[in-house]
>>> print(open('run_18.cif').read())   # mmCIF, C-alpha atoms
data_query
loop_
_atom_site.group_PDB
_atom_site.id
_atom_site.type_symbol
_atom_site.label_atom_id
_atom_site.label_comp_id
_atom_site.auth_asym_id
_atom_site.auth_seq_id
_atom_site.Cartn_x
_atom_site.Cartn_y
_atom_site.Cartn_z
ATOM 1 C CA MET J 1 7.776 6.490 -7.872
ATOM 2 C CA PRO J 2 9.025 7.396 -11.368
ATOM 3 C CA SER J 3 12.513 6.526 -12.509
ATOM 4 C CA ILE J 4 14.473 8.881 -14.738
ATOM 5 C CA ASP J 5 14.876 7.976 -18.408
ATOM 6 C CA LEU J 6 18.615 8.313 -19.057
ATOM 7 C CA ARG J 7 18.019 9.208 -22.714
ATOM 8 C CA ASP J 8 15.774 12.047 -21.622
ATOM 9 C CA LEU J 9 18.253 13.240 -19.016
ATOM 10 C CA LEU J 10 21.215 13.295 -21.411
ATOM 11 C CA ASP J 11 19.384 14.483 -24.531
ATOM 12 C CA LEU J 12 21.724 16.953 -26.261
ATOM 13 C CA GLU J 13 18.926 18.134 -28.551
ATOM 14 C CA ALA J 14 16.399 18.785 -25.798
ATOM 15 C CA VAL J 15 14.041 21.705 -26.343
ATOM 16 C CA GLY J 16 13.323 23.837 -23.290
ATOM 17 C CA VAL J 17 14.551 23.209 -19.768
ATOM 18 C CA THR J 18 13.630 20.028 -17.880
ATOM 19 C CA ILE J 19 14.045 19.661 -14.125
ATOM 20 C CA TRP J 20 13.935 16.384 -12.190
ATOM 21 C CA TRP J 21 13.770 16.083 -8.406
ATOM 22 C CA LEU J 22 16.446 13.596 -7.293
ATOM 23 C CA GLY J 23 15.258 13.486 -3.687
ATOM 24 C CA ASN J 24 16.247 15.537 -0.631
ATOM 25 C CA ALA J 25 17.713 18.831 -1.987
ATOM 26 C CA GLY J 26 18.942 17.289 -5.233
ATOM 27 C CA PHE J 27 17.922 18.182 -8.774
ATOM 28 C CA ALA J 28 18.981 17.428 -12.333
ATOM 29 C CA VAL J 29 18.487 20.102 -14.979
ATOM 30 C CA ASN J 30 18.720 19.469 -18.710
ATOM 31 C CA ALA J 31 19.338 23.034 -19.866
ATOM 32 C CA ALA J 32 18.391 22.503 -23.520
ATOM 33 C CA GLY J 33 21.290 20.061 -23.852
ATOM 34 C CA PRO J 34 23.858 20.745 -21.084
ATOM 35 C CA LEU J 35 23.260 18.788 -17.866
ATOM 36 C CA ILE J 36 23.428 20.465 -14.462
ATOM 37 C CA LEU J 37 23.252 18.483 -11.208
ATOM 38 C CA ILE J 38 22.552 20.194 -7.879
ATOM 39 C CA ASP J 39 23.297 18.382 -4.600
ATOM 40 C CA PRO J 40 22.927 14.899 -6.150
ATOM 41 C CA VAL J 41 22.811 12.054 -3.588
ATOM 42 C CA ILE J 42 22.079 9.099 -5.859
ATOM 43 C CA GLU J 43 24.111 6.135 -4.660
ATOM 44 C CA LEU J 44 23.499 3.428 -2.084
ATOM 45 C CA GLN J 45 25.458 2.752 1.077
ATOM 46 C CA ASP J 46 26.093 -0.790 -0.096
ATOM 47 C CA ASP J 47 25.256 -2.357 -3.449
ATOM 48 C CA ALA J 48 23.936 -5.414 -1.626
ATOM 49 C CA ASP J 49 21.399 -3.240 0.218
ATOM 50 C CA PRO J 50 18.963 -1.591 -2.230
ATOM 51 C CA VAL J 51 17.073 0.424 0.384
ATOM 52 C CA THR J 52 19.770 2.273 2.329
ATOM 53 C CA SER J 53 21.087 5.557 0.957
ATOM 54 C CA GLU J 54 24.751 6.480 1.118
ATOM 55 C CA VAL J 55 23.770 8.896 3.917
ATOM 56 C CA GLY J 56 23.074 5.788 6.021
ATOM 57 C CA LEU J 57 19.282 6.104 6.184
ATOM 58 C CA PRO J 58 16.600 3.931 4.564
ATOM 59 C CA LEU J 59 14.967 5.396 1.476
ATOM 60 C CA LEU J 60 11.230 5.945 1.283
ATOM 61 C CA SER J 61 11.372 5.178 -2.447
ATOM 62 C CA PRO J 62 14.046 3.739 -4.761
ATOM 63 C CA LEU J 63 16.681 6.028 -6.188
ATOM 64 C CA PRO J 64 15.344 7.505 -9.444
ATOM 65 C CA ILE J 65 18.734 7.037 -11.123
ATOM 66 C CA ARG J 66 22.231 5.983 -10.038
ATOM 67 C CA ALA J 67 25.308 8.162 -10.395
ATOM 68 C CA ARG J 68 27.079 5.236 -12.047
ATOM 69 C CA ALA J 69 24.576 5.388 -14.917
ATOM 70 C CA ILE J 70 25.388 9.007 -15.794
ATOM 71 C CA ASP J 71 28.265 9.325 -18.251
ATOM 72 C CA ARG J 72 27.797 12.969 -19.204
ATOM 73 C CA ALA J 73 27.346 16.059 -17.044
ATOM 74 C CA ASP J 74 28.536 19.611 -17.499
ATOM 75 C CA LEU J 75 28.124 21.295 -14.137
ATOM 76 C CA ILE J 76 27.689 19.975 -10.586
ATOM 77 C CA LEU J 77 26.668 22.549 -7.971
ATOM 78 C CA ILE J 78 27.007 21.722 -4.260
ATOM 79 C CA THR J 79 25.327 24.053 -1.761
ATOM 80 C CA HIS J 80 27.414 22.934 1.248
ATOM 81 C CA ASP J 81 29.569 20.135 2.566
ATOM 82 C CA HIS J 82 27.087 18.082 4.632
ATOM 83 C CA GLY J 83 26.845 14.448 3.580
ATOM 84 C CA ASP J 84 23.236 14.712 2.416
ATOM 85 C CA HIS J 85 24.390 17.300 -0.145
ATOM 86 C CA ALA J 86 28.070 16.562 -0.833
ATOM 87 C CA ALA J 87 27.645 12.808 -1.128
ATOM 88 C CA HIS J 88 30.695 10.632 -0.528
ATOM 89 C CA ARG J 89 29.822 7.956 -3.107
ATOM 90 C CA THR J 90 27.888 9.936 -5.709
ATOM 91 C CA LEU J 91 30.422 12.698 -6.328
ATOM 92 C CA PRO J 92 33.502 10.499 -6.963
ATOM 93 C CA GLU J 93 31.365 8.375 -9.329
ATOM 94 C CA LEU J 94 30.327 11.455 -11.273
ATOM 95 C CA ALA J 95 33.878 12.785 -11.342
ATOM 96 C CA ALA J 96 35.154 9.498 -12.772
ATOM 97 C CA ARG J 97 32.407 9.145 -15.392
ATOM 98 C CA THR J 98 31.875 12.727 -16.587
ATOM 99 C CA HIS J 99 33.839 15.848 -17.480
ATOM 100 C CA ALA J 100 31.724 18.029 -15.161
ATOM 101 C CA LEU J 101 32.963 21.128 -13.391
ATOM 102 C CA PHE J 102 32.246 21.093 -9.625
ATOM 103 C CA VAL J 103 31.278 24.315 -7.826
ATOM 104 C CA GLY J 104 30.961 24.910 -4.083
ATOM 105 C CA THR J 105 31.961 27.284 -1.300
ATOM 106 C CA GLN J 106 35.492 27.276 0.090
ATOM 107 C CA ARG J 107 34.809 24.612 2.720
ATOM 108 C CA THR J 108 32.777 22.567 0.253
ATOM 109 C CA ALA J 109 35.698 22.691 -2.170
ATOM 110 C CA LEU J 110 37.883 21.259 0.606
ATOM 111 C CA LYS J 111 35.429 18.387 1.016
ATOM 112 C CA LEU J 112 35.416 17.822 -2.747
ATOM 113 C CA ARG J 113 39.221 17.627 -2.764
ATOM 114 C CA GLN J 114 39.034 15.051 0.022
ATOM 115 C CA LEU J 115 36.640 13.035 -2.135
ATOM 116 C CA GLY J 116 39.202 13.029 -4.926
ATOM 117 C CA ILE J 117 37.738 15.644 -7.250
ATOM 118 C CA PRO J 118 40.651 16.955 -9.407
ATOM 119 C CA GLU J 119 41.750 20.513 -8.612
ATOM 120 C CA GLY J 120 41.388 21.553 -12.233
ATOM 121 C CA ARG J 121 37.678 20.724 -12.129
ATOM 122 C CA LEU J 122 36.892 22.761 -9.000
ATOM 123 C CA ARG J 123 35.614 26.318 -8.774
ATOM 124 C CA VAL J 124 35.066 28.127 -5.470
ATOM 125 C CA ALA J 125 31.655 29.817 -5.191
ATOM 126 C CA ARG J 126 31.712 33.357 -3.827
ATOM 127 C CA TYR J 127 28.510 35.237 -3.067
ATOM 128 C CA GLY J 128 27.428 37.401 -5.969
ATOM 129 C CA GLN J 129 30.395 36.461 -8.147
ATOM 130 C CA ARG J 130 29.130 35.449 -11.569
ATOM 131 C CA MET J 131 30.655 32.482 -13.378
ATOM 132 C CA ARG J 132 29.963 31.241 -16.870
ATOM 133 C CA VAL J 133 30.107 27.666 -18.143
ATOM 134 C CA GLY J 134 29.235 27.477 -21.829
ATOM 135 C CA ASN J 135 25.820 29.071 -22.211
ATOM 136 C CA ILE J 136 25.057 28.772 -18.486
ATOM 137 C CA THR J 137 25.562 31.594 -15.995
ATOM 138 C CA VAL J 138 25.709 30.807 -12.272
ATOM 139 C CA VAL J 139 25.615 33.312 -9.410
ATOM 140 C CA PRO J 140 26.094 31.981 -5.839
ATOM 141 C CA THR J 141 23.654 33.495 -3.323
ATOM 142 C CA VAL J 142 23.959 33.974 0.415
ATOM 143 C CA ALA J 143 22.855 31.310 2.869
ATOM 144 C CA LYS J 144 22.880 30.959 6.652
ATOM 145 C CA HIS J 145 22.791 27.412 7.979
ATOM 146 C CA GLU J 146 22.089 27.913 11.687
ATOM 147 C CA GLU J 147 23.475 24.600 12.958
ATOM 148 C CA ASP J 148 26.780 25.234 11.202
ATOM 149 C CA LEU J 149 27.626 28.746 12.360
ATOM 150 C CA ILE J 150 30.435 27.510 14.601
ATOM 151 C CA HIS J 151 32.624 27.451 11.490
ATOM 152 C CA THR J 152 31.855 30.790 9.833
ATOM 153 C CA GLU J 153 29.417 33.649 10.195
ATOM 154 C CA ARG J 154 27.031 32.132 7.675
ATOM 155 C CA GLY J 155 28.040 28.488 7.807
ATOM 156 C CA ASP J 156 29.870 28.459 4.460
ATOM 157 C CA CYS J 157 26.763 27.504 2.517
ATOM 158 C CA CYS J 158 25.241 29.030 -0.587
ATOM 159 C CA GLY J 159 22.386 28.903 -3.044
ATOM 160 C CA PHE J 160 22.703 29.185 -6.809
ATOM 161 C CA ILE J 161 20.944 31.364 -9.370
ATOM 162 C CA ILE J 162 21.226 29.619 -12.736
ATOM 163 C CA GLN J 163 20.459 31.461 -15.957
ATOM 164 C CA THR J 164 20.063 29.380 -19.082
ATOM 165 C CA GLY J 165 17.793 29.328 -22.128
ATOM 166 C CA GLY J 166 16.279 32.661 -21.168
ATOM 167 C CA LEU J 167 15.154 31.212 -17.812
ATOM 168 C CA THR J 168 16.283 31.880 -14.254
ATOM 169 C CA ILE J 169 16.337 28.963 -11.800
ATOM 170 C CA TRP J 170 17.173 29.604 -8.142
ATOM 171 C CA HIS J 171 18.099 26.842 -5.732
ATOM 172 C CA ALA J 172 17.995 28.768 -2.460
ATOM 173 C CA GLY J 173 20.199 26.270 -0.582
ATOM 174 C CA ASP J 174 20.013 25.148 3.035
ATOM 175 C CA SER J 175 19.377 28.445 4.771
ATOM 176 C CA GLU J 176 17.116 30.272 7.119
ATOM 177 C CA LEU J 177 15.262 33.167 5.507
ATOM 178 C CA MET J 178 17.490 36.243 5.135
ATOM 179 C CA ASP J 179 16.784 39.814 4.110
ATOM 180 C CA GLU J 180 18.959 39.322 1.022
ATOM 181 C CA HIS J 181 16.668 36.513 -0.151
ATOM 182 C CA LEU J 182 13.658 38.802 -0.188
ATOM 183 C CA LYS J 183 15.394 41.092 -2.683
ATOM 184 C CA VAL J 184 15.744 38.390 -5.361
ATOM 185 C CA THR J 185 13.384 38.961 -8.287
ATOM 186 C CA ASP J 186 12.674 37.698 -11.808
ATOM 187 C CA VAL J 187 12.858 34.026 -10.860
ATOM 188 C CA ASP J 188 11.199 31.535 -13.181
ATOM 189 C CA VAL J 189 11.721 28.450 -10.993
ATOM 190 C CA LEU J 190 12.407 28.465 -7.250
ATOM 191 C CA LEU J 191 13.821 25.204 -5.874
ATOM 192 C CA LEU J 192 12.881 25.612 -2.233
ATOM 193 C CA PRO J 193 14.132 23.587 0.786
ATOM 194 C CA ILE J 194 11.279 23.390 3.305
ATOM 195 C CA ALA J 195 12.697 21.274 6.156
ATOM 196 C CA PRO J 196 12.215 22.921 9.563
ATOM 197 C CA HIS J 197 15.939 23.527 10.144
ATOM 198 C CA VAL J 198 16.169 25.680 7.008
ATOM 199 C CA PHE J 199 13.379 27.825 5.505
ATOM 200 C CA GLY J 200 10.656 25.777 7.159
ATOM 201 C CA THR J 201 6.988 26.292 6.371
ATOM 202 C CA GLU J 202 6.754 29.943 7.340
ATOM 203 C CA GLY J 203 9.995 31.043 5.680
ATOM 204 C CA ALA J 204 9.268 29.060 2.537
ATOM 205 C CA ILE J 205 5.834 30.648 2.141
ATOM 206 C CA ARG J 206 7.212 34.136 2.646
ATOM 207 C CA LEU J 207 10.017 33.607 0.146
ATOM 208 C CA ALA J 208 7.695 32.090 -2.463
ATOM 209 C CA ASN J 209 5.238 34.959 -2.179
ATOM 210 C CA THR J 210 7.822 37.738 -2.004
ATOM 211 C CA THR J 211 9.892 36.618 -4.998
ATOM 212 C CA ARG J 212 6.744 35.965 -7.059
ATOM 213 C CA ALA J 213 8.598 33.094 -8.732
ATOM 214 C CA ARG J 214 6.578 31.704 -11.641
ATOM 215 C CA HIS J 215 7.066 28.141 -10.408
ATOM 216 C CA ILE J 216 8.003 26.752 -6.972
ATOM 217 C CA ILE J 217 9.233 23.200 -6.411
ATOM 218 C CA PRO J 218 9.649 22.193 -2.736
ATOM 219 C CA CYS J 219 12.494 19.928 -1.639
ATOM 220 C CA HIS J 220 14.411 18.703 1.432
ATOM 221 C CA TYR J 221 11.630 16.427 2.700
ATOM 222 C CA GLY J 222 10.056 13.030 2.000
ATOM 223 C CA THR J 223 13.216 11.153 1.010
ATOM 224 C CA TYR J 224 14.416 9.168 4.023
ATOM 225 C CA ASP J 225 12.466 6.903 6.354
ATOM 226 C CA ALA J 226 13.480 8.786 9.483
ATOM 227 C CA ASP J 227 11.929 11.377 11.777
ATOM 228 C CA LEU J 228 15.131 13.409 12.076
ATOM 229 C CA TYR J 229 14.459 17.134 11.883
ATOM 230 C CA TRP J 230 16.317 17.555 8.576
ATOM 231 C CA CYS J 231 14.355 14.755 6.918
ATOM 232 C CA THR J 232 10.934 16.270 7.482
ATOM 233 C CA GLY J 233 8.938 19.079 5.938
ATOM 234 C CA ASP J 234 5.295 19.721 5.121
ATOM 235 C CA PRO J 235 4.751 20.546 1.442
ATOM 236 C CA ALA J 236 0.974 20.612 1.907
ATOM 237 C CA ALA J 237 1.289 23.353 4.537
ATOM 238 C CA VAL J 238 3.658 25.334 2.322
ATOM 239 C CA GLY J 239 1.382 24.970 -0.682
ATOM 240 C CA ALA J 240 -1.593 26.118 1.360
ATOM 241 C CA GLY J 241 0.167 29.428 2.029
ATOM 242 C CA VAL J 242 1.537 30.087 -1.458
ATOM 243 C CA GLU J 243 -0.417 32.624 -3.473
ATOM 244 C CA ASP J 244 -1.875 31.208 -6.695
ATOM 245 C CA ALA J 245 -0.570 27.797 -5.632
ATOM 246 C CA GLU J 246 -2.610 25.856 -8.171
ATOM 247 C CA ARG J 247 -0.598 27.450 -10.945
ATOM 248 C CA ARG J 248 2.728 28.090 -9.205
ATOM 249 C CA PHE J 249 3.340 25.322 -6.636
ATOM 250 C CA HIS J 250 4.494 21.969 -8.003
ATOM 251 C CA ARG J 251 4.915 19.062 -5.619
ATOM 252 C CA LEU J 252 6.948 16.502 -7.558
ATOM 253 C CA ASP J 253 7.483 12.843 -6.838
ATOM 254 C CA ILE J 254 11.110 11.793 -6.617
ATOM 255 C CA GLY J 255 12.237 11.214 -10.210
ATOM 256 C CA GLU J 256 9.357 13.207 -11.673
ATOM 257 C CA LYS J 257 10.189 15.855 -14.265
ATOM 258 C CA PHE J 258 8.981 19.393 -14.800
ATOM 259 C CA VAL J 259 9.351 20.910 -18.283
ATOM 260 C CA ILE J 260 9.530 24.640 -18.988
ATOM 261 C CA PRO J 261 9.719 26.052 -22.531
ATOM 262 C CA THR J 262 12.652 28.419 -23.015
ATOM 263 C CA ARG J 263 11.903 32.024 -23.854
#
>>> encode(input="run_18.cif", output="structure tokens")
Amino acid sequence: MPSIDLRDLLDLEAVGVTIWWLGNAGFAVNAAGPLILIDPVIELQDDADPVTSEVGLPLLSPLPIRARAIDRADLILITHDHGDHAAHRTLPELAARTHALFVGTQRTALKLRQLGIPEGRLRVARYGQRMRVGNITVVPTVAKHEEDLIHTERGDCCGFIIQTGGLTIWHAGDSELMDEHLKVTDVDVLLLPIAPHVFGTEGAIRLANTTRARHIIPCHYGTYDADLYWCTGDPAAVGAGVEDAERRFHRLDIGEKFVIPTR
């Protein structure tokens, strides 16, 4: 599996937008200089154990980069407060080493406070409420995490539409397919969780084909050596149902990058 070149990741003079899959639902985005991290889970449970993730499960491949290696980040977006998204070792490391602003829903913000993220570096994500960080615009989108509905009507999760460099990137978050999702248009890159407890194969195909996103990158599968329902997903089955998949559907290895020229 590829490892991420730190110089590439942190390149302030980067041309275009580069996206790396970090594993599970996590991505790094060099937005022509600024660095955005989404749901990064990139630390180990124990430094003496190189194969067990901080979520407590064995990794199928080595971490592509460690949080402790990243000394610059601008924006860290967390879709919800579960440990495989709001990571208990990664996020404090990134808070200590970078100046990044952390964004999550109200309950996620509570988790971030518990992890020691300073209040002044937290922003609460509210559906449809636009926020701007430098040249980056972020709009939280609705999500409904079925297993978590005991807490709130929609589970206090979200996705994120990111606009930067003339491109629109949408991480749809951990959610079942909702009517609101099918109304999203003009997406350049769709970061699409495909595990069965969220969009799953059928929902992922429908969303990919309805939005007509130029590029689709599947995630939330193939990271942990476990048969738990949230660790599995079938990218081949999703790709088989995506229209014009040869051009639009990109199955990345963990740590692999995808480069898109800015408009």
>>> closest_residue(input="run_18.cif", among="J:Gln163, J:Thr210, J:Thr168, J:Thr201", to="J:Thr232", atoms="all atoms listed in the file")
J:Thr201
>>> atom_distance(input="run_18.cif", atom1="atom CA of J:Val41", atom2="atom CA of J:Thr223")
10.7 Å
>>> resolve_selection(input="run_18.cif", expression="the PyMOL selection byres ((chain J and resi 1-5) around 6)", output="ChimeraX atom specification")
/J:6-8,64-65,255-256
>>> closest_residue(input="run_18.cif", among="J:Val138, J:Ile42, J:Leu110, J:Val55", to="J:Thr90", atoms="all atoms listed in the file")
J:Ile42
>>> resolve_selection(input="run_18.cif", expression="the PyMOL selection byres ((chain J and resi 54) around 8)", output="VMD selection string")
chain J and resid 41 to 46 52 to 53 55 to 57 87 to 89
>>> write_last_selection(input="run_18.cif", atoms="C-alpha atoms", output="tab-separated table (two decimals), in the coordinates of the input")
chain	number	residue	atom	x	y	z
J	41	VAL	CA	22.81	12.05	-3.59
J	42	ILE	CA	22.08	9.10	-5.86
J	43	GLU	CA	24.11	6.14	-4.66
J	44	LEU	CA	23.50	3.43	-2.08
J	45	GLN	CA	25.46	2.75	1.08
J	46	ASP	CA	26.09	-0.79	-0.10
J	52	THR	CA	19.77	2.27	2.33
J	53	SER	CA	21.09	5.56	0.96
J	55	VAL	CA	23.77	8.90	3.92
J	56	GLY	CA	23.07	5.79	6.02
J	57	LEU	CA	19.28	6.10	6.18
J	87	ALA	CA	27.64	12.81	-1.13
J	88	HIS	CA	30.70	10.63	-0.53
J	89	ARG	CA	29.82	7.96	-3.11
>>> residues_around(input="run_18.cif", residues="J:His145", least_positions_apart="6", cutoff="12 Å", atoms="all atoms listed in the file", output="list in words")
Thr79, His80, Asp81, His82, His151, Thr152, Glu153, Arg154, Gly155, Asp156, Cys157, Cys158, Gly159, Ala172, Gly173, Asp174, Ser175, Glu176, Leu177, Met178, Pro193, Ala195, Pro196, His197, Val198, Phe199 and Trp230 of chain J
>>> closest_residue(input="run_18.cif", among="J:Leu101, J:Leu10, J:Arg251, J:Ala48", to="J:Asp71", atoms="only C-alpha atoms")
J:Leu10
>>> residues_around(input="run_18.cif", residues="J:Asn24", least_positions_apart="4", cutoff="9 Å", atoms="all atoms listed in the file", output="ChimeraX atom specification")
/J:39-41,84-85,193,219-224,231,254
>>> closest_residue(input="run_18.cif", among="J:Glu13, J:Asp74, J:Glu180, J:Glu93", to="J:Ala28", atoms="all atoms listed in the file")
J:Asp74
>>> closest_residue(input="run_18.cif", among="J:Ile260, J:Ile217, J:Val103, J:Leu60", to="J:Val238", atoms="all atoms listed in the file")
J:Ile217
>>> resolve_selection(input="run_18.cif", expression="the PyMOL selection byres ((chain J and resi 122) around 6)", output="CSV table (one decimal) with C-alpha atoms, in the frame of the given file")
chain,number,residue,atom,x,y,z
J,102,PHE,CA,32.2,21.1,-9.6
J,103,VAL,CA,31.3,24.3,-7.8
J,119,GLU,CA,41.8,20.5,-8.6
J,120,GLY,CA,41.4,21.6,-12.2
J,121,ARG,CA,37.7,20.7,-12.1
J,123,ARG,CA,35.6,26.3,-8.8
>>> atom_distance(input="run_18.cif", atom1="atom CA of J:Arg130", atom2="atom CA of J:Ile169")
14.3 Å
>>> build_atoms(input="run_18.cif", residues="stretch 99-112 of chain J", atoms="N, CA and C atoms", output="mmCIF file, keeping the file's coordinate frame")
data_model
loop_
_atom_site.group_PDB
_atom_site.id
_atom_site.type_symbol
_atom_site.label_atom_id
_atom_site.label_comp_id
_atom_site.auth_asym_id
_atom_site.auth_seq_id
_atom_site.Cartn_x
_atom_site.Cartn_y
_atom_site.Cartn_z
ATOM 1 N N HIS J 99 32.845 14.771 -17.406
ATOM 2 C CA HIS J 99 33.839 15.848 -17.480
ATOM 3 C C HIS J 99 33.384 17.061 -16.660
ATOM 4 N N ALA J 100 32.404 16.913 -15.812
ATOM 5 C CA ALA J 100 31.724 18.029 -15.161
ATOM 6 C C ALA J 100 32.672 18.895 -14.338
ATOM 7 N N LEU J 101 32.326 20.171 -14.277
ATOM 8 C CA LEU J 101 32.963 21.128 -13.391
ATOM 9 C C LEU J 101 32.177 21.152 -12.079
ATOM 10 N N PHE J 102 32.872 21.098 -10.944
ATOM 11 C CA PHE J 102 32.246 21.093 -9.625
ATOM 12 C C PHE J 102 32.383 22.479 -8.995
ATOM 13 N N VAL J 103 31.282 22.983 -8.415
ATOM 14 C CA VAL J 103 31.278 24.315 -7.826
ATOM 15 C C VAL J 103 30.723 24.237 -6.405
ATOM 16 N N GLY J 104 31.432 24.832 -5.455
ATOM 17 C CA GLY J 104 30.961 24.910 -4.083
ATOM 18 C C GLY J 104 31.733 25.971 -3.323
ATOM 19 N N THR J 105 31.275 26.300 -2.129
ATOM 20 C CA THR J 105 31.961 27.284 -1.300
ATOM 21 C C THR J 105 33.343 26.778 -0.904
ATOM 22 N N GLN J 106 34.105 27.633 -0.227
ATOM 23 C CA GLN J 106 35.492 27.276 0.090
ATOM 24 C C GLN J 106 35.580 25.986 0.890
ATOM 25 N N ARG J 107 34.743 25.839 1.922
ATOM 26 C CA ARG J 107 34.809 24.612 2.720
ATOM 27 C C ARG J 107 34.266 23.416 1.949
ATOM 28 N N THR J 108 33.276 23.655 1.094
ATOM 29 C CA THR J 108 32.777 22.567 0.253
ATOM 30 C C THR J 108 33.856 22.110 -0.715
ATOM 31 N N ALA J 109 34.604 23.054 -1.267
ATOM 32 C CA ALA J 109 35.698 22.691 -2.170
ATOM 33 C C ALA J 109 36.726 21.821 -1.451
ATOM 34 N N LEU J 110 36.979 22.110 -0.172
ATOM 35 C CA LEU J 110 37.883 21.259 0.606
ATOM 36 C C LEU J 110 37.336 19.839 0.708
ATOM 37 N N LYS J 111 36.050 19.720 0.965
ATOM 38 C CA LYS J 111 35.429 18.387 1.016
ATOM 39 C C LYS J 111 35.540 17.689 -0.339
ATOM 40 N N LEU J 112 35.332 18.417 -1.417
ATOM 41 C CA LEU J 112 35.416 17.822 -2.747
ATOM 42 C C LEU J 112 36.833 17.331 -3.031
#
